[in-house]
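Engineer: Quick one: the structure is below, questions incoming.
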Amino acid sequence: MLEIQRIPLFRDNYAYLLTDPADGTVAVVDPGTEGPVIDVVEAGGGRLDQVLLTHHHADHIGGVAALKERYGARVVGPESDRGRMSGLDQGVSDGDSVAIGTATARVIATPGHTSGHIAYWVPDADAVFCGDTLFSLGCGRVFEGTYEEMWESLMALRALPDATQVYCGHEYTEANGRFALSVDPDNDALKAEIAQDRALRARGDATVPCPLGVEKRTNPFLRADDPHFAAALGLAGKSAAEVFAVLRQRKDTF
Ligand SMILES: [Zn+2]
C-alpha cells in the first residue's frame, strides 16, 4: 500500500509524496516548487524516482526541472501538453496505466480547467490525485475547456468508489464551503462537513484529502444533475451541464 504524504507549497497548494514501502519507490505529484519537496525527500532518504503532473500551470510544475536535475526523476504528464511542459519523459492519456513501485495509477482525462488536464487514480491506495479539477466542496475554474467538458470530467471522477480519498491541488475548502452553502442552504450533510472543516482549520490541520463519498453528497458541482437541486436553483428542466455552468459562473464572482 502506498504511503501518501501531503506537502504544503506556497499559500495553499499541495504536492503529494508517494512512497511504496515494498520496493522503496518514491514519487511526487505536482511539485509547484522544489524547496519543500527536497526537504521531505531528503528526510526520507534522498530518493525521488518519479514526478507525476496533472496539468501545465506553473504552481503545479515549477519544481520539475530542479527535481529532475537533482534526483534524475522520470517525469510523467499529459501527452497533449507535451508542447507546454518541458522535461516530460512519458506522456500519458486517458486509460493509460502508470506504475508507481508495485502500485498502479490509472490515468483519467479531466479537461476543463486546462485542455490537457489529467487525474491519477490509484485503486490500491483508494486515492485520486485530481489537481485542479475537483476540490473539496468545489471545483477548478474553467480556463481552457467548455463547461460541458468540465462537467464530464467531474462525472468521470464522481464514478470512482465512495471510499476514494480526493487528493486535490489546493486547500480551498473553507471558501468553497461558503459558496456551497449559499446555493444549497438546506443540505445537512454539507453543513456537517463545513463544521468539521472549520474545526480542522481552527487547529491548523488540512481538510484534504476528503472522501469522495462525502463530496458526492455535499459538493454542489457534483450535483448539477440532481433535478431537485436544479429546481431549488430555479433551473428546472436545464441540462446538467447548463446547471453546472450557472453554478461555476456564480462561483467565479462570489
Ligand atoms: Zn491550475
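To be explicit about the labels: the chains of the C-alpha cells are called A, B, and onward in the order shown, and within each one the residues are counted from 1, while ligands get numbers from 1 in the order they are shown.
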Enumerate as a list in words the residues within 10 Å of ligand 1, counting only C-alpha atoms and all ligand atoms.
Structural biologist: Asn13, Thr54, His55, His56, His57, Ala58, Asp59, His60, Ile61, His113, Thr114, His117, Gly131, Asp132, Thr133, Gly140, Arg141, Val142, Phe143, Gly169 and His170 of chain A
Engineer: Write the residues of the selection above to a file with N, CA and C atoms, as a PDB file, in the first residue's frame.
Structural biologist:
ATOM      1  N   ASN A  13      -1.221  25.613  -2.020  1.00  0.00           N
ATOM      2  CA  ASN A  13      -1.060  24.430  -2.888  1.00  0.00           C
ATOM      3  C   ASN A  13      -0.653  23.203  -2.069  1.00  0.00           C
ATOM      4  N   THR A  54      -0.370  16.804 -13.228  1.00  0.00           N
ATOM      5  CA  THR A  54      -1.778  16.795 -13.650  1.00  0.00           C
ATOM      6  C   THR A  54      -2.061  17.805 -14.754  1.00  0.00           C
ATOM      7  N   HIS A  55      -1.362  18.944 -14.714  1.00  0.00           N
ATOM      8  CA  HIS A  55      -1.606  19.963 -15.752  1.00  0.00           C
ATOM      9  C   HIS A  55      -0.470  20.976 -15.753  1.00  0.00           C
ATOM     10  N   HIS A  56      -0.496  21.850 -16.752  1.00  0.00           N
ATOM     11  CA  HIS A  56       0.690  22.648 -17.068  1.00  0.00           C
ATOM     12  C   HIS A  56       0.849  23.910 -16.236  1.00  0.00           C
ATOM     13  N   HIS A  57      -0.068  24.252 -15.349  1.00  0.00           N
ATOM     14  CA  HIS A  57       0.046  25.523 -14.622  1.00  0.00           C
ATOM     15  C   HIS A  57       1.311  25.576 -13.766  1.00  0.00           C
ATOM     16  N   ALA A  58       1.896  26.774 -13.712  1.00  0.00           N
ATOM     17  CA  ALA A  58       3.204  26.954 -13.072  1.00  0.00           C
ATOM     18  C   ALA A  58       3.202  26.528 -11.606  1.00  0.00           C
ATOM     19  N   ASP A  59       2.093  26.724 -10.909  1.00  0.00           N
ATOM     20  CA  ASP A  59       2.072  26.376  -9.485  1.00  0.00           C
ATOM     21  C   ASP A  59       1.960  24.859  -9.266  1.00  0.00           C
ATOM     22  N   HIS A  60       1.963  24.095 -10.360  1.00  0.00           N
ATOM     23  CA  HIS A  60       1.978  22.625 -10.263  1.00  0.00           C
ATOM     24  C   HIS A  60       3.235  22.000 -10.858  1.00  0.00           C
ATOM     25  N   ILE A  61       3.960  22.776 -11.685  1.00  0.00           N
ATOM     26  CA  ILE A  61       5.131  22.191 -12.359  1.00  0.00           C
ATOM     27  C   ILE A  61       6.431  22.948 -12.086  1.00  0.00           C
ATOM     28  N   HIS A 113     -10.432  22.663 -16.712  1.00  0.00           N
ATOM     29  CA  HIS A 113      -9.565  23.671 -16.075  1.00  0.00           C
ATOM     30  C   HIS A 113      -8.440  24.023 -17.049  1.00  0.00           C
ATOM     31  N   THR A 114      -7.783  22.990 -17.599  1.00  0.00           N
ATOM     32  CA  THR A 114      -6.928  23.127 -18.772  1.00  0.00           C
ATOM     33  C   THR A 114      -7.350  22.029 -19.751  1.00  0.00           C
ATOM     34  N   HIS A 117      -5.701  18.522 -18.921  1.00  0.00           N
ATOM     35  CA  HIS A 117      -5.682  18.094 -17.511  1.00  0.00           C
ATOM     36  C   HIS A 117      -5.982  16.591 -17.368  1.00  0.00           C
ATOM     37  N   GLY A 131      -5.497  17.213  -9.122  1.00  0.00           N
ATOM     38  CA  GLY A 131      -5.029  18.551  -9.480  1.00  0.00           C
ATOM     39  C   GLY A 131      -6.069  19.617  -9.206  1.00  0.00           C
ATOM     40  N   ASP A 132      -6.399  20.383 -10.234  1.00  0.00           N
ATOM     41  CA  ASP A 132      -7.344  21.493 -10.085  1.00  0.00           C
ATOM     42  C   ASP A 132      -8.673  21.213 -10.779  1.00  0.00           C
ATOM     43  N   THR A 133      -9.054  19.940 -10.862  1.00  0.00           N
ATOM     44  CA  THR A 133     -10.370  19.616 -11.433  1.00  0.00           C
ATOM     45  C   THR A 133     -11.425  19.590 -10.330  1.00  0.00           C
ATOM     46  N   GLY A 140     -12.315  23.330  -9.978  1.00  0.00           N
ATOM     47  CA  GLY A 140     -11.438  24.331 -10.569  1.00  0.00           C
ATOM     48  C   GLY A 140     -12.192  25.251 -11.513  1.00  0.00           C
ATOM     49  N   ARG A 141     -11.596  26.398 -11.763  1.00  0.00           N
ATOM     50  CA  ARG A 141     -12.161  27.302 -12.769  1.00  0.00           C
ATOM     51  C   ARG A 141     -12.003  26.689 -14.153  1.00  0.00           C
ATOM     52  N   VAL A 142     -12.938  27.013 -15.018  1.00  0.00           N
ATOM     53  CA  VAL A 142     -12.887  26.511 -16.391  1.00  0.00           C
ATOM     54  C   VAL A 142     -12.121  27.536 -17.222  1.00  0.00           C
ATOM     55  N   PHE A 143     -10.840  27.274 -17.433  1.00  0.00           N
ATOM     56  CA  PHE A 143      -9.984  28.220 -18.153  1.00  0.00           C
ATOM     57  C   PHE A 143      -9.880  27.896 -19.636  1.00  0.00           C
ATOM     58  N   GLY A 169      -5.395  19.759  -5.525  1.00  0.00           N
ATOM     59  CA  GLY A 169      -4.222  20.616  -5.633  1.00  0.00           C
ATOM     60  C   GLY A 169      -4.181  21.812  -4.707  1.00  0.00           C
ATOM     61  N   HIS A 170      -5.297  22.114  -4.041  1.00  0.00           N
ATOM     62  CA  HIS A 170      -5.323  23.323  -3.204  1.00  0.00           C
ATOM     63  C   HIS A 170      -6.165  23.120  -1.945  1.00  0.00           C
TER      64      HIS A 170
END
Engineer: Do you know which residues are at most 6 Å from A:Ile118 counting only C-alpha atoms, after dropping those on the same chain fewer than 4 positions away, and could you put them as a PyMOL selection string?
Structural biologist: chain A and resi 54+108-110
Engineer: Using DSSP on the backbone coordinates, identify the residues of stretch 29-227 of chain A assigned to strand (DSSP E or B); present them as a short mmCIF file (atom, residue, chain, number, x, y, z; two decimals) with C-alpha atoms, in the first residue's frame.
Structural biologist:
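Final output, part_11.cif:
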data_model
loop_
_atom_site.label_atom_id
_atom_site.label_comp_id
_atom_site.auth_asym_id
_atom_site.auth_seq_id
_atom_site.Cartn_x
_atom_site.Cartn_y
_atom_site.Cartn_z
CA VAL A 29 2.60 14.70 -7.62
CA GLN A 50 9.09 9.87 -10.47
CA VAL A 51 7.27 13.15 -10.92
CA LEU A 52 3.57 12.94 -11.84
CA ARG A 74 11.33 10.44 -14.55
CA VAL A 75 8.61 12.96 -15.39
CA VAL A 76 5.12 11.74 -16.33
CA GLY A 77 2.39 14.10 -17.54
CA PRO A 78 -0.33 14.69 -20.10
CA GLN A 90 6.47 9.91 -20.50
CA GLY A 91 3.32 11.42 -21.94
CA VAL A 92 0.10 9.68 -20.87
CA SER A 97 -1.56 2.96 -16.57
CA VAL A 98 1.47 4.29 -14.70
CA ALA A 99 3.43 2.04 -12.35
CA ILE A 100 4.38 3.63 -9.03
CA ALA A 103 1.08 0.12 -7.31
CA THR A 104 -0.66 1.17 -10.50
CA ALA A 105 -2.19 4.57 -11.25
CA ARG A 106 -4.83 4.80 -13.93
CA VAL A 107 -4.96 7.98 -15.96
CA ILE A 108 -8.33 9.72 -16.28
CA ALA A 109 -8.65 12.62 -18.75
CA ILE A 118 -5.48 14.51 -16.20
CA ALA A 119 -6.06 12.78 -12.87
CA TYR A 120 -4.26 9.74 -11.44
CA TRP A 121 -6.45 7.15 -9.75
CA VAL A 122 -4.65 4.58 -7.59
CA ALA A 127 -6.67 7.63 -3.81
CA VAL A 128 -7.20 10.01 -6.70
CA PHE A 129 -4.82 12.87 -7.44
CA CYS A 130 -7.01 15.28 -9.34
CA GLY A 131 -5.03 18.55 -9.48
CA LEU A 134 -12.19 18.58 -8.23
CA PHE A 135 -11.65 20.31 -4.90
CA GLY A 138 -15.67 22.88 -5.11
CA CYS A 139 -14.04 22.54 -8.49
CA GLN A 165 -9.75 9.84 -0.99
CA VAL A 166 -9.61 13.04 -3.02
CA TYR A 167 -6.09 14.48 -3.04
CA CYS A 168 -6.63 17.84 -4.74
CA HIS A 170 -5.32 23.32 -3.20
CA CYS A 210 -11.54 14.11 1.77
CA PRO A 211 -13.61 11.02 0.94
#
Engineer: Name the residues in contact with A:Ala66 at a cut-off of 12 Å, using only C-alpha atoms, excluding same-chain residues fewer than 2 positions from it; report them as number ranges by chain.
Structural biologist: A: 31-35, 37-38, 48, 51, 61-64, 68-73, 75, 86-87
Engineer: Restricting it to C-alpha atoms, dump the selection as a tab-separated table (two decimals), in the first residue's frame.
Structural biologist:
chain	number	residue	atom	x	y	z
A	31	PRO	CA	5.68	19.86	-7.37
A	32	GLY	CA	4.93	23.54	-7.94
A	33	THR	CA	8.28	24.41	-6.41
A	34	GLU	CA	11.23	22.28	-5.33
A	35	GLY	CA	12.27	23.54	-1.87
A	37	VAL	CA	9.72	18.76	-1.76
A	38	ILE	CA	13.50	18.42	-1.41
A	48	LEU	CA	12.92	10.52	-5.90
A	51	VAL	CA	7.27	13.15	-10.92
A	61	ILE	CA	5.13	22.19	-12.36
A	62	GLY	CA	7.53	24.91	-11.15
A	63	GLY	CA	9.78	22.46	-9.27
A	64	VAL	CA	10.09	19.88	-12.05
A	68	LYS	CA	14.78	16.14	-12.32
A	69	GLU	CA	18.26	17.63	-12.25
A	70	ARG	CA	18.88	16.72	-8.61
A	71	TYR	CA	17.37	13.22	-8.47
A	72	GLY	CA	17.13	12.10	-12.10
A	73	ALA	CA	13.42	11.56	-11.57
A	75	VAL	CA	8.61	12.96	-15.39
A	86	SER	CA	9.43	20.94	-20.60
A	87	GLY	CA	11.15	17.81	-19.31
Engineer: Run DSSP on the backbone and give me the residues of stretch 50-219 of chain A it puts in helix (DSSP H, G or I), as an NGL selection string.
Structural biologist: :A and (58-61 or 64-71 or 79-84 or 123-125 or 147-158 or 173-183 or 188-202 or 212-218)
Engineer: Can you tell me, as a list of chain:residue names, what residues are no more than 6 Å from stretch 239-241 of chain A when counting only C-alpha atoms, ignoring any on the same chain fewer than 4 positions away?
Structural biologist: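 The residues satisfying every condition are A:Glu148, A:Trp151, A:Ala224, A:Asp225.
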Engineer: Could you save the residues just selected, with N, CA and C atoms, as a PDB file, in the first residue's frame?
Structural biologist:
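New file out-v5.pdb:
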ATOM      1  N   GLU A 148     -19.319  22.001 -20.540  1.00  0.00           N
ATOM      2  CA  GLU A 148     -19.724  20.618 -20.824  1.00  0.00           C
ATOM      3  C   GLU A 148     -18.556  19.660 -20.544  1.00  0.00           C
ATOM      4  N   TRP A 151     -17.897  19.407 -16.773  1.00  0.00           N
ATOM      5  CA  TRP A 151     -18.929  18.581 -16.137  1.00  0.00           C
ATOM      6  C   TRP A 151     -18.652  17.096 -16.395  1.00  0.00           C
ATOM      7  N   ALA A 224     -25.031  18.738 -10.114  1.00  0.00           N
ATOM      8  CA  ALA A 224     -25.758  19.525 -11.116  1.00  0.00           C
ATOM      9  C   ALA A 224     -26.796  18.694 -11.864  1.00  0.00           C
ATOM     10  N   ASP A 225     -26.721  17.361 -11.762  1.00  0.00           N
ATOM     11  CA  ASP A 225     -27.713  16.520 -12.443  1.00  0.00           C
ATOM     12  C   ASP A 225     -28.821  16.049 -11.495  1.00  0.00           C
TER      13      ASP A 225
END
Engineer: Using only C-alpha atoms, pick whichever of A:Thr218, A:Thr25, A:Ser93, A:Thr173 has the shortest atom-to-atom distance to A:Lys191.
Structural biologist: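 Of the candidates, the smallest distance to A:Lys191 is held by A:Thr218.
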Engineer: With a distance cut-off of 12 Å and only C-alpha atoms, select the neighbouring residues of A:Val243, excluding the residue or stretch itself and same-chain residues fewer than 2 positions from it, and output the selection as a count of residues only.
Structural biologist: 32
Engineer: Compile the contact shell of stretch 188-190 of chain A as a short mmCIF file (atom, residue, chain, number, x, y, z; two decimals) with C-alpha atoms, in the first residue's frame: residues with an atom at most 8 Å away, counting only C-alpha atoms, same-chain residues fewer than 5 positions apart removed.
Structural biologist:
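Everything below was put into part_38.cif:
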data_model
loop_
_atom_site.label_atom_id
_atom_site.label_comp_id
_atom_site.auth_asym_id
_atom_site.auth_seq_id
_atom_site.Cartn_x
_atom_site.Cartn_y
_atom_site.Cartn_z
CA GLY A 177 -17.94 25.74 1.70
CA ALA A 180 -21.72 25.72 -1.45
CA LEU A 181 -23.90 26.78 1.48
CA VAL A 214 -18.80 12.85 1.19
CA ARG A 217 -23.42 14.40 -1.07
CA THR A 218 -22.02 17.88 -0.36
CA ASN A 219 -20.19 19.32 -3.38
#
Engineer: Which residues come within 8 Å of stretch 205-207 of chain A, counting only C-alpha atoms, excluding same-chain residues fewer than 3 positions away, as a count of residues only?
Structural biologist: 8
Engineer: So, with only C-alpha atoms as the atoms that count, which of A:Asp252, A:Asp30, A:Gly45, A:Glu79 lies closest to A:Asp96?
Structural biologist: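 So, comparing all the options, the nearest one is A:Glu79.
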